[in-house]
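Undergrad: Input structure: entry-v8.pdb, which contains PDB, C-alpha atoms and all ligand atoms.
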```
ATOM      1  CA  MET A  15      11.905 -17.783 -21.551
ATOM      2  CA  SER A  16      12.052 -17.243 -17.764
ATOM      3  CA  ASP A  17       8.955 -17.951 -15.666
ATOM      4  CA  THR A  18      10.204 -15.778 -12.775
ATOM      5  CA  PRO A  19       7.207 -13.802 -11.444
ATOM      6  CA  ARG A  20       7.298 -10.200 -12.594
ATOM      7  CA  PRO A  21       6.258  -7.158 -10.537
ATOM      8  CA  ALA A  22       2.655  -6.054 -10.994
ATOM      9  CA  LEU A  23       3.687  -2.389 -10.887
ATOM     10  CA  LYS A  24       6.099  -0.308 -12.965
ATOM     11  CA  ARG A  25       6.211   2.929 -10.981
ATOM     12  CA  ILE A  26       5.292   3.466  -7.351
ATOM     13  CA  LEU A  27       5.165   6.279  -4.835
ATOM     14  CA  LEU A  28       6.228   4.939  -1.457
ATOM     15  CA  LYS A  29       5.295   7.020   1.593
ATOM     16  CA  LEU A  30       7.565   6.070   4.466
ATOM     17  CA  SER A  31       6.428   7.038   7.922
ATOM     18  CA  GLY A  32       8.917   9.197   9.777
ATOM     19  CA  GLU A  33       7.828   7.581  13.014
ATOM     20  CA  ALA A  34       8.640   4.141  11.683
ATOM     21  CA  LEU A  35      12.272   5.288  11.297
ATOM     22  CA  MET A  36      12.534   5.511  15.107
ATOM     23  CA  GLY A  37      12.335   1.749  15.500
ATOM     24  CA  ASP A  38      12.054   1.185  19.249
ATOM     25  CA  ASP A  39      13.748   4.493  20.088
ATOM     26  CA  ALA A  40      11.858   7.471  21.542
ATOM     27  CA  PHE A  41      12.713   9.821  18.645
ATOM     28  CA  GLY A  42      15.128  10.289  15.730
ATOM     29  CA  ILE A  43      16.505   7.692  13.363
ATOM     30  CA  ASN A  44      17.355   4.157  14.440
ATOM     31  CA  GLN A  45      20.257   2.981  12.302
ATOM     32  CA  ALA A  46      19.315  -0.707  12.155
ATOM     33  CA  THR A  47      15.737   0.242  11.257
ATOM     34  CA  ILE A  48      16.681   2.531   8.370
ATOM     35  CA  VAL A  49      19.101  -0.084   6.988
ATOM     36  CA  ARG A  50      16.380  -2.738   7.085
ATOM     37  CA  MET A  51      13.821  -0.433   5.408
ATOM     38  CA  VAL A  52      16.296   0.424   2.661
ATOM     39  CA  GLN A  53      16.972  -3.289   2.069
ATOM     40  CA  GLU A  54      13.267  -3.725   1.354
ATOM     41  CA  VAL A  55      13.292  -0.756  -1.058
ATOM     42  CA  ALA A  56      16.445  -2.074  -2.767
ATOM     43  CA  GLU A  57      14.784  -5.434  -3.324
ATOM     44  CA  VAL A  58      11.876  -3.935  -5.290
ATOM     45  CA  SER A  59      14.081  -1.431  -7.127
ATOM     46  CA  ARG A  60      16.260  -4.331  -8.332
ATOM     47  CA  LEU A  61      13.140  -6.012  -9.712
ATOM     48  CA  GLY A  62      12.941  -3.061 -12.134
ATOM     49  CA  VAL A  63      10.209  -1.131 -10.329
ATOM     50  CA  GLN A  64      10.653   2.657 -10.504
ATOM     51  CA  VAL A  65      10.560   3.886  -6.908
ATOM     52  CA  ALA A  66       9.863   7.413  -5.674
ATOM     53  CA  VAL A  67       9.752   7.994  -1.929
ATOM     54  CA  VAL A  68       8.095  10.631   0.226
ATOM     55  CA  ILE A  69       9.466  10.557   3.758
ATOM     56  CA  GLY A  70       7.582  11.858   6.784
ATOM     57  CA  GLY A  71       9.025  13.817   9.693
ATOM     58  CA  GLY A  72       7.047  12.704  12.729
ATOM     59  CA  ASN A  73      10.138  11.137  14.321
ATOM     60  CA  ILE A  74      11.721  14.600  14.567
ATOM     61  CA  PHE A  75       9.042  17.308  14.521
ATOM     62  CA  ARG A  76       5.339  17.814  13.940
ATOM     63  CA  GLY A  77       4.079  21.330  13.231
ATOM     64  CA  VAL A  78       0.806  20.651  14.954
ATOM     65  CA  ALA A  79       2.715  19.894  18.192
ATOM     66  CA  GLY A  80       4.704  23.121  17.891
ATOM     67  CA  GLY A  81       1.461  25.011  17.256
ATOM     68  CA  ALA A  82      -0.095  23.423  20.319
ATOM     69  CA  VAL A  83       2.601  24.864  22.616
ATOM     70  CA  GLY A  84       2.137  28.391  21.315
ATOM     71  CA  MET A  85       4.465  28.517  18.321
ATOM     72  CA  ASP A  86       3.140  30.132  15.161
ATOM     73  CA  ARG A  87       1.645  27.195  13.238
ATOM     74  CA  ALA A  88       3.144  28.050   9.847
ATOM     75  CA  THR A  89       6.609  28.475  11.391
ATOM     76  CA  ALA A  90       6.216  25.136  13.157
ATOM     77  CA  ASP A  91       5.144  23.521   9.892
ATOM     78  CA  TYR A  92       8.273  24.811   8.127
ATOM     79  CA  MET A  93      10.293  23.209  10.919
ATOM     80  CA  GLY A  94       8.397  19.971  10.263
ATOM     81  CA  MET A  95       9.230  20.173   6.559
ATOM     82  CA  LEU A  96      12.908  20.720   7.373
ATOM     83  CA  ALA A  97      12.748  17.617   9.562
ATOM     84  CA  THR A  98      11.714  15.612   6.500
ATOM     85  CA  VAL A  99      14.804  16.934   4.688
ATOM     86  CA  MET A 100      16.997  15.448   7.431
ATOM     87  CA  ASN A 101      15.210  12.118   7.112
ATOM     88  CA  ALA A 102      15.562  12.250   3.320
ATOM     89  CA  LEU A 103      19.323  12.818   3.596
ATOM     90  CA  ALA A 104      19.672   9.893   5.993
ATOM     91  CA  LEU A 105      17.568   7.690   3.737
ATOM     92  CA  ALA A 106      19.514   8.578   0.596
ATOM     93  CA  ASP A 107      22.788   7.979   2.412
ATOM     94  CA  ALA A 108      21.597   4.528   3.516
ATOM     95  CA  MET A 109      20.436   3.814  -0.056
ATOM     96  CA  ASP A 110      23.774   4.793  -1.555
ATOM     97  CA  LYS A 111      25.544   2.515   0.959
ATOM     98  CA  GLN A 112      23.421  -0.381  -0.286
ATOM     99  CA  GLY A 113      24.338   0.236  -3.906
ATOM    100  CA  LEU A 114      21.226   2.145  -4.974
ATOM    101  CA  THR A 115      21.561   5.525  -6.651
ATOM    102  CA  ALA A 116      19.342   7.969  -4.758
ATOM    103  CA  ARG A 117      18.485  11.572  -5.565
ATOM    104  CA  VAL A 118      16.890  13.875  -2.993
ATOM    105  CA  MET A 119      14.629  16.626  -4.362
ATOM    106  CA  SER A 120      13.268  19.273  -2.035
ATOM    107  CA  ALA A 121      10.023  21.237  -2.299
ATOM    108  CA  ILE A 122      11.782  24.056  -0.397
ATOM    109  CA  ALA A 123      14.864  25.670  -1.979
ATOM    110  CA  ILE A 124      17.999  24.720  -0.024
ATOM    111  CA  GLU A 125      20.276  24.239  -2.971
ATOM    112  CA  GLN A 126      23.508  23.913  -1.018
ATOM    113  CA  VAL A 127      22.035  20.803   0.578
ATOM    114  CA  VAL A 128      19.729  19.122  -1.973
ATOM    115  CA  GLU A 129      18.503  19.856  -5.460
ATOM    116  CA  PRO A 130      15.076  21.465  -5.927
ATOM    117  CA  TYR A 131      12.058  19.450  -7.037
ATOM    118  CA  VAL A 132      11.729  19.723 -10.812
ATOM    119  CA  ARG A 133       9.176  17.305 -12.226
ATOM    120  CA  PRO A 134      10.854  16.452 -15.568
ATOM    121  CA  LYS A 135      14.141  15.846 -13.764
ATOM    122  CA  ALA A 136      12.421  13.524 -11.298
ATOM    123  CA  LEU A 137      10.856  11.599 -14.194
ATOM    124  CA  GLN A 138      14.251  11.334 -15.872
ATOM    125  CA  TYR A 139      15.836   9.922 -12.690
ATOM    126  CA  LEU A 140      13.055   7.353 -12.369
ATOM    127  CA  GLU A 141      13.500   6.244 -15.984
ATOM    128  CA  GLU A 142      17.224   5.847 -15.236
ATOM    129  CA  GLY A 143      16.446   3.506 -12.343
ATOM    130  CA  LYS A 144      17.447   5.978  -9.636
ATOM    131  CA  VAL A 145      15.399   6.169  -6.450
ATOM    132  CA  VAL A 146      13.992   9.683  -6.009
ATOM    133  CA  VAL A 147      13.392  10.860  -2.447
ATOM    134  CA  PHE A 148      10.999  13.791  -2.247
ATOM    135  CA  ALA A 149      11.790  15.988   0.758
ATOM    136  CA  ALA A 150      10.026  18.933   2.442
ATOM    137  CA  GLY A 151       6.532  17.612   1.782
ATOM    138  CA  THR A 152       4.473  19.844  -0.477
ATOM    139  CA  GLY A 153       6.575  22.900   0.461
ATOM    140  CA  ASN A 154       3.494  24.491   2.057
ATOM    141  CA  PRO A 155       2.436  24.750   5.693
ATOM    142  CA  PHE A 156      -0.882  23.256   6.853
ATOM    143  CA  PHE A 157      -0.285  20.129   4.794
ATOM    144  CA  THR A 158       1.229  16.734   5.587
ATOM    145  CA  THR A 159       3.612  14.352   3.914
ATOM    146  CA  ASP A 160       0.645  12.050   3.206
ATOM    147  CA  THR A 161      -0.739  14.828   1.001
ATOM    148  CA  ALA A 162       2.735  15.259  -0.525
ATOM    149  CA  ALA A 163       2.679  11.538  -1.345
ATOM    150  CA  ALA A 164      -0.698  11.882  -3.074
ATOM    151  CA  LEU A 165       0.484  14.994  -4.943
ATOM    152  CA  ARG A 166       3.830  13.614  -6.097
ATOM    153  CA  GLY A 167       2.249  10.242  -6.850
ATOM    154  CA  ALA A 168      -0.223  11.933  -9.203
ATOM    155  CA  GLU A 169       2.470  14.150 -10.742
ATOM    156  CA  ILE A 170       4.836  11.297 -11.605
ATOM    157  CA  GLY A 171       2.053   9.022 -12.852
ATOM    158  CA  ALA A 172       2.553   6.385 -10.153
ATOM    159  CA  GLU A 173       0.201   3.419 -10.435
ATOM    160  CA  LEU A 174      -0.162   3.129  -6.674
ATOM    161  CA  VAL A 175       0.643   5.074  -3.517
ATOM    162  CA  LEU A 176       2.079   2.693  -0.954
ATOM    163  CA  LYS A 177       1.689   3.986   2.581
ATOM    164  CA  ALA A 178       4.274   2.113   4.620
ATOM    165  CA  THR A 179       3.582   2.530   8.288
ATOM    166  CA  LYS A 180       3.673   0.854  11.687
ATOM    167  CA  VAL A 181       0.227  -0.732  11.373
ATOM    168  CA  ASP A 182      -0.666  -3.405   8.829
ATOM    169  CA  GLY A 183      -3.609  -1.645   7.205
ATOM    170  CA  VAL A 184      -6.665   0.511   7.701
ATOM    171  CA  TYR A 185      -8.746  -0.414  10.750
ATOM    172  CA  THR A 186     -12.264   0.443  11.854
ATOM    173  CA  ALA A 187     -10.562   2.646  14.506
ATOM    174  CA  ASP A 188      -6.977   3.434  15.539
ATOM    175  CA  PRO A 189      -5.704  -0.029  16.593
ATOM    176  CA  HIS A 190      -3.221   1.580  19.005
ATOM    177  CA  LYS A 191      -6.172   3.012  20.935
ATOM    178  CA  ASP A 192      -8.934   0.459  20.330
ATOM    179  CA  PRO A 193      -7.896  -3.203  20.660
ATOM    180  CA  THR A 194     -11.275  -4.322  19.279
ATOM    181  CA  ALA A 195     -10.685  -2.559  15.935
ATOM    182  CA  THR A 196     -10.687  -4.804  12.873
ATOM    183  CA  ARG A 197      -8.791  -4.404   9.615
ATOM    184  CA  TYR A 198     -10.368  -3.774   6.230
ATOM    185  CA  SER A 199      -8.886  -5.686   3.312
ATOM    186  CA  ARG A 200     -10.284  -2.946   1.044
ATOM    187  CA  ILE A 201     -12.260   0.242   1.542
ATOM    188  CA  SER A 202     -13.409   3.037  -0.763
ATOM    189  CA  PHE A 203     -12.082   6.597  -0.443
ATOM    190  CA  ASP A 204     -15.615   7.811   0.266
ATOM    191  CA  ASP A 205     -16.069   5.338   3.135
ATOM    192  CA  ALA A 206     -12.622   6.077   4.606
ATOM    193  CA  MET A 207     -13.385   9.806   4.535
ATOM    194  CA  SER A 208     -16.946   9.600   5.806
ATOM    195  CA  GLN A 209     -15.766   7.454   8.741
ATOM    196  CA  ASN A 210     -12.928   9.910   9.491
ATOM    197  CA  LEU A 211     -10.404   7.063   9.636
ATOM    198  CA  GLY A 212      -7.250   8.696  11.002
ATOM    199  CA  ILE A 213      -4.722   6.631   9.082
ATOM    200  CA  MET A 214      -4.326   9.430   6.493
ATOM    201  CA  ASP A 215      -5.592  12.970   6.241
ATOM    202  CA  ALA A 216      -8.686  13.813   4.217
ATOM    203  CA  THR A 217      -6.745  16.027   1.776
ATOM    204  CA  ALA A 218      -4.565  13.078   0.757
ATOM    205  CA  PHE A 219      -7.584  10.790   0.388
ATOM    206  CA  ALA A 220      -9.510  13.383  -1.647
ATOM    207  CA  LEU A 221      -6.618  14.045  -4.024
ATOM    208  CA  CYS A 222      -6.070  10.330  -4.660
ATOM    209  CA  ARG A 223      -9.793   9.767  -5.093
ATOM    210  CA  ASP A 224     -10.087  12.585  -7.649
ATOM    211  CA  GLN A 225      -7.036  11.358  -9.556
ATOM    212  CA  LYS A 226      -8.190   7.702  -9.337
ATOM    213  CA  LEU A 227      -4.881   6.851  -7.708
ATOM    214  CA  PRO A 228      -5.310   3.888  -5.336
ATOM    215  CA  ILE A 229      -3.473   3.652  -2.015
ATOM    216  CA  ARG A 230      -2.281   0.516  -0.303
ATOM    217  CA  VAL A 231      -1.605   0.796   3.424
ATOM    218  CA  PHE A 232       0.748  -1.869   4.773
ATOM    219  CA  SER A 233       3.290  -2.501   7.523
ATOM    220  CA  ILE A 234       6.908  -1.555   6.866
ATOM    221  CA  VAL A 235       7.775  -3.454  10.037
ATOM    222  CA  LYS A 236       6.640  -6.737   8.430
ATOM    223  CA  HIS A 237       9.544  -8.246   6.515
ATOM    224  CA  GLY A 238       8.809  -8.755   2.804
ATOM    225  CA  ALA A 239       5.496  -6.869   2.831
ATOM    226  CA  LEU A 240       6.689  -4.186   0.390
ATOM    227  CA  LYS A 241       7.769  -6.813  -2.129
ATOM    228  CA  ARG A 242       4.452  -8.647  -1.732
ATOM    229  CA  VAL A 243       2.553  -5.433  -2.561
ATOM    230  CA  VAL A 244       4.723  -4.810  -5.608
ATOM    231  CA  MET A 245       4.200  -8.390  -6.788
ATOM    232  CA  GLY A 246       0.432  -7.789  -6.644
ATOM    233  CA  GLU A 247      -0.175 -10.019  -3.632
ATOM    234  CA  ASP A 248      -2.853  -9.334  -1.044
ATOM    235  CA  GLU A 249      -1.178  -7.310   1.707
ATOM    236  CA  GLY A 250      -2.559  -4.641   4.034
ATOM    237  CA  THR A 251      -5.550  -2.579   2.911
ATOM    238  CA  LEU A 252      -6.404  -1.259  -0.543
ATOM    239  CA  VAL A 253      -8.106   2.159  -0.566
ATOM    240  CA  HIS A 254      -9.831   2.567  -3.904
ATOM    241  CA  ALA A 255     -12.098   4.914  -5.902
TER     242      ALA A 255
HETATM  243  N1  LIG A 301      -8.359   3.736  11.284
HETATM  244  C1  LIG A 301      -7.031   3.579  11.468
HETATM  245  N2  LIG A 301      -6.409   2.474  10.963
HETATM  246  C2  LIG A 301      -5.086   2.300  11.128
HETATM  247  N3  LIG A 301      -4.282   3.180  11.780
HETATM  248  C3  LIG A 301      -4.844   4.298  12.289
HETATM  249  C4  LIG A 301      -6.238   4.549  12.168
HETATM  250  N4  LIG A 301      -6.520   5.728  12.751
HETATM  251  C5  LIG A 301      -5.361   6.208  13.239
HETATM  252  N5  LIG A 301      -4.346   5.349  12.971
HETATM  253  C6  LIG A 301      -2.946   5.594  13.368
HETATM  254  O1  LIG A 301      -2.268   6.114  12.250
HETATM  255  C7  LIG A 301      -0.893   5.770  12.396
HETATM  256  C8  LIG A 301      -0.235   5.758  11.040
HETATM  257  O2  LIG A 301       0.196   6.982  10.802
HETATM  258  P1  LIG A 301       1.741   7.214  10.399
HETATM  259  O3  LIG A 301       2.537   7.372  11.616
HETATM  260  O4  LIG A 301       2.201   6.253   9.409
HETATM  261  O5  LIG A 301       1.488   8.453   9.629
HETATM  262  P2  LIG A 301       2.153   9.770   9.622
HETATM  263  O6  LIG A 301       1.592  10.569  10.722
HETATM  264  O7  LIG A 301       1.960  10.212   8.248
HETATM  265  O8  LIG A 301       3.663   9.373   9.893
HETATM  266  P3  LIG A 301       4.887  10.321  10.049
HETATM  267  O9  LIG A 301       4.373  11.667  10.330
HETATM  268  O10 LIG A 301       5.621   9.729  11.193
HETATM  269  O11 LIG A 301       5.570  10.189   8.779
HETATM  270  C9  LIG A 301      -0.891   4.400  12.985
HETATM  271  O12 LIG A 301       0.276   4.179  13.749
HETATM  272  C10 LIG A 301      -2.171   4.363  13.808
HETATM  273  O13 LIG A 301      -1.906   4.474  15.185
HETATM  274  O1  LIG A 302       3.515  19.510   2.940
HETATM  275  C1  LIG A 302       3.823  19.502   4.167
HETATM  276  C2  LIG A 302       4.378  18.382   4.782
HETATM  277  C3  LIG A 302       4.728  18.431   6.107
HETATM  278  N1  LIG A 302       4.535  19.579   6.814
HETATM  279  C4  LIG A 302       4.975  19.668   8.229
HETATM  280  O2  LIG A 302       5.958  18.672   8.511
HETATM  281  C5  LIG A 302       5.513  17.829   9.594
HETATM  282  C6  LIG A 302       5.994  16.444   9.380
HETATM  283  O3  LIG A 302       5.243  15.797   8.363
HETATM  284  P1  LIG A 302       4.345  14.503   8.674
HETATM  285  O4  LIG A 302       3.466  14.327   7.508
HETATM  286  O5  LIG A 302       3.583  14.769   9.938
HETATM  287  O6  LIG A 302       5.327  13.409   8.835
HETATM  288  C7  LIG A 302       4.002  18.001   9.595
HETATM  289  O7  LIG A 302       3.454  17.722  10.865
HETATM  290  C8  LIG A 302       3.854  19.472   9.222
HETATM  291  O8  LIG A 302       4.149  20.243  10.346
HETATM  292  C9  LIG A 302       3.955  20.673   6.213
HETATM  293  O9  LIG A 302       3.750  21.714   6.848
HETATM  294  N2  LIG A 302       3.622  20.608   4.888
END
```
Please lay out the structure from this file as structure tokens.
Ligand SMILES: Nc1ncnc2c1ncn2[C@@H]1O[C@H](COP(=O)(O)OP(=O)(O)OP(=O)(O)O)[C@@H](O)[C@H]1O
Ligand SMILES: O=c1ccn([C@@H]2O[C@H](COP(=O)(O)O)[C@@H](O)[C@H]2O)c(=O)[nH]1

TA:
Amino acid sequence: MSDTPRPALKRILLKLSGEALMGDDAFGINQATIVRMVQEVAEVSRLGVQVAVVIGGGNIFRGVAGGAVGMDRATADYMGMLATVMNALALADAMDKQGLTARVMSAIAIEQVVEPYVRPKALQYLEEGKVVVFAAGTGNPFFTTDTAAALRGAEIGAELVLKATKVDGVYTADPHKDPTATRYSRISFDDAMSQNLGIMDATAFALCRDQKLPIRVFSIVKHGALKRVVMGEDEGTLVHA
């Protein structure tokens, strides 16, 4: 019998920040960065963990920014959702190149480009060991891909939502703005919401809280951090019920 450590999780929902895809660039997708991120995903997928991904779009377009310059907010949000479809296609392409089998499923019907989100089909792909990339967020304006991650995570019965971002956890304040901010190793949903911690939106926190679906926030920039989370090691911040 092998004594190789086994993953602590069977099925995860990984939220990848769109902004993290930029690497050190000003916008868009940095090729070396996406390849490195996909290597980390491939490592946990090959351990037998079922991986579903929700990808953000902040590296290409944010509806709230479009709204701020006078564009109709809902129209701007649809543009933001389409931006996540572009990221999802790039991610799936990079996954296929690394020997993973990826399937992109969109919350908005664009069937010539990607298949629509159908829950039983997504579950089937996960059981088959394919990586499912959920594109177009929730399919509704006025939401975010963090909320899509909470929603899809609950729908597929993920044990944990992993928010992979540029910071290494939840801080007392935005660490990019307040250098004195300190990191929590764990925090309850109620405390995160009552303190208005901007790492995720309140809708995402509330949905995960109600569904008793914990979130772990960790750095996708830190090599090996994703695997450490999957192996049940202490990494980043746990947000719990
Ligand atoms: N209390 C906090 N703790 C940690 N980070 C925080 C906090 N408040 C705000 N932030 C900011 O939240 C950012 C993380 O958000 P991130 O870019 O991953 O989310 P996102 O907006 O969903 O991403 P994207 O839209 O690019 O997919 C961090 O880079 C950090 O600057
Ligand atoms: O369910 C959703 C998800 C996203 N949007 C719009 O897309 C952009 C990009 O998503 P991020 O979560 O910011 O990465 C977002 O700003 C919204 O404009 C949406 O409308 N509905």

Undergrad: State, in Å with one decimal place, the distance from atom CA of A:Ile170 to atom CA of A:Leu137.

TA: 6.6 Å

Undergrad: Can you spell out as a ChimeraX atom specification the set of residues that the PyMOL selection byres (((chain A and resi 244) around 8) and not hetatm) selects in the structure I just provided?

TA: /A:21-23,58,240-243,245-247

Undergrad: Care to translate the PyMOL selection byres (((chain A and resi 75) around 12) and not hetatm) into actual residues of this file, as a list in words?

TA: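 Matching residues under the PyMOL selection byres (((chain A and resi 75) around 12) and not hetatm) are Gly32, Glu33, Phe41, Gly42, Gly70, Gly71, Gly72, Asn73, Ile74, Arg76, Gly77, Val78, Ala79, Gly80, Gly81, Thr89, Ala90, Asp91, Tyr92, Met93, Gly94, Met95, Leu96, Ala97, Thr98, Val99, Met100, Asn101 and Thr158 of chain A.
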
Undergrad: What do you get, as number ranges by chain, if you spell out every residue that the PyMOL selection byres (((chain A and resi 50) around 12) and not hetatm) selects here?

TA: A: 34-35, 37, 44-49, 51-57, 105, 108-109, 112, 234-238, 240

Undergrad: Using only C-alpha atoms and all ligand atoms, find each protein or nucleic acid residue lying at most 6 Å from ligand LIG 301 (chain A); present the set as a tab-separated table (two decimals) with C-alpha atoms, in the frame of the given file.

TA:
```tsv
chain	number	residue	atom	x	y	z
A	31	SER	CA	6.43	7.04	7.92
A	32	GLY	CA	8.92	9.20	9.78
A	33	GLU	CA	7.83	7.58	13.01
A	70	GLY	CA	7.58	11.86	6.78
A	71	GLY	CA	9.02	13.82	9.69
A	72	GLY	CA	7.05	12.70	12.73
A	73	ASN	CA	10.14	11.14	14.32
A	160	ASP	CA	0.64	12.05	3.21
A	179	THR	CA	3.58	2.53	8.29
A	180	LYS	CA	3.67	0.85	11.69
A	181	VAL	CA	0.23	-0.73	11.37
A	183	GLY	CA	-3.61	-1.64	7.20
A	184	VAL	CA	-6.66	0.51	7.70
A	185	TYR	CA	-8.75	-0.41	10.75
A	186	THR	CA	-12.26	0.44	11.85
A	187	ALA	CA	-10.56	2.65	14.51
A	188	ASP	CA	-6.98	3.43	15.54
A	189	PRO	CA	-5.70	-0.03	16.59
A	190	HIS	CA	-3.22	1.58	19.00
A	211	LEU	CA	-10.40	7.06	9.64
A	212	GLY	CA	-7.25	8.70	11.00
A	213	ILE	CA	-4.72	6.63	9.08
```

Undergrad: Skipping near chain neighbours, those fewer than 3 positions away, what residues fall within 9 Å of stretch 119-124 of chain A using all atoms listed in the file, listed as a list of chain:residue names?

TA: A:Met95, A:Leu96, A:Val99, A:Ala102, A:Val127, A:Val128, A:Glu129, A:Pro130, A:Tyr131, A:Val132, A:Ala136, A:Val146, A:Val147, A:Phe148, A:Ala149, A:Ala150, A:Gly151, A:Thr152, A:Gly153, A:Asn154

Undergrad: So, with only C-alpha atoms as the atoms that count, which of A:Leu61, A:Thr115, A:Gln138, A:Phe156 lies closest to A:Arg87?

TA: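 Answer, going by the shortest atom-to-atom distance: A:Phe156.
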
Undergrad: Hey, can I get the axis-aligned box for stretch 52-64 of chain A? All listed atoms, 3 Å padding on each side, centre and edge lengths in Å to one decimal, as JSON.

TA:
```
{"center_x": 13.6, "center_y": -1.7, "center_z": -4.7, "size_x": 12.8, "size_y": 14.7, "size_z": 20.8}
```

Undergrad: Report as a list in words all protein, DNA and RNA residues lying within 6 Å of A:Arg200, evaluated on all atoms listed in the file, omitting residues in the same chain fewer than 2 positions from it.

TA: Tyr198, Thr251, Leu252 and Val253 of chain A

Undergrad: Quick one: everything within 12 Å of A:Glu141, counting only C-alpha atoms, minus sequence neighbours fewer than 2 positions away in the same chain. Send it as a list in words.

TA: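 Result of the neighbour search: Lys24, Arg25, Ser59, Gly62, Val63, Gln64, Val65, Ala66, Pro134, Lys135, Ala136, Leu137, Gln138, Tyr139, Gly143, Lys144, Val145, Val146 and Ile170 of chain A.
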
Undergrad: Write a file of the just-selected residues containing C-alpha atoms, as a short mmCIF file (atom, residue, chain, number, x, y, z; two decimals), in the frame of the given file.

TA:
```cif
data_model
loop_
_atom_site.label_atom_id
_atom_site.label_comp_id
_atom_site.auth_asym_id
_atom_site.auth_seq_id
_atom_site.Cartn_x
_atom_site.Cartn_y
_atom_site.Cartn_z
CA LYS A 24 6.10 -0.31 -12.96
CA ARG A 25 6.21 2.93 -10.98
CA SER A 59 14.08 -1.43 -7.13
CA GLY A 62 12.94 -3.06 -12.13
CA VAL A 63 10.21 -1.13 -10.33
CA GLN A 64 10.65 2.66 -10.50
CA VAL A 65 10.56 3.89 -6.91
CA ALA A 66 9.86 7.41 -5.67
CA PRO A 134 10.85 16.45 -15.57
CA LYS A 135 14.14 15.85 -13.76
CA ALA A 136 12.42 13.52 -11.30
CA LEU A 137 10.86 11.60 -14.19
CA GLN A 138 14.25 11.33 -15.87
CA TYR A 139 15.84 9.92 -12.69
CA GLY A 143 16.45 3.51 -12.34
CA LYS A 144 17.45 5.98 -9.64
CA VAL A 145 15.40 6.17 -6.45
CA VAL A 146 13.99 9.68 -6.01
CA ILE A 170 4.84 11.30 -11.60
#
```

Undergrad: Just give me the gap between atom CA of A:Phe219 and atom CA of A:Phe203 in Å, one decimal is fine.

TA: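 Distance between the two atoms: 6.2 Å.
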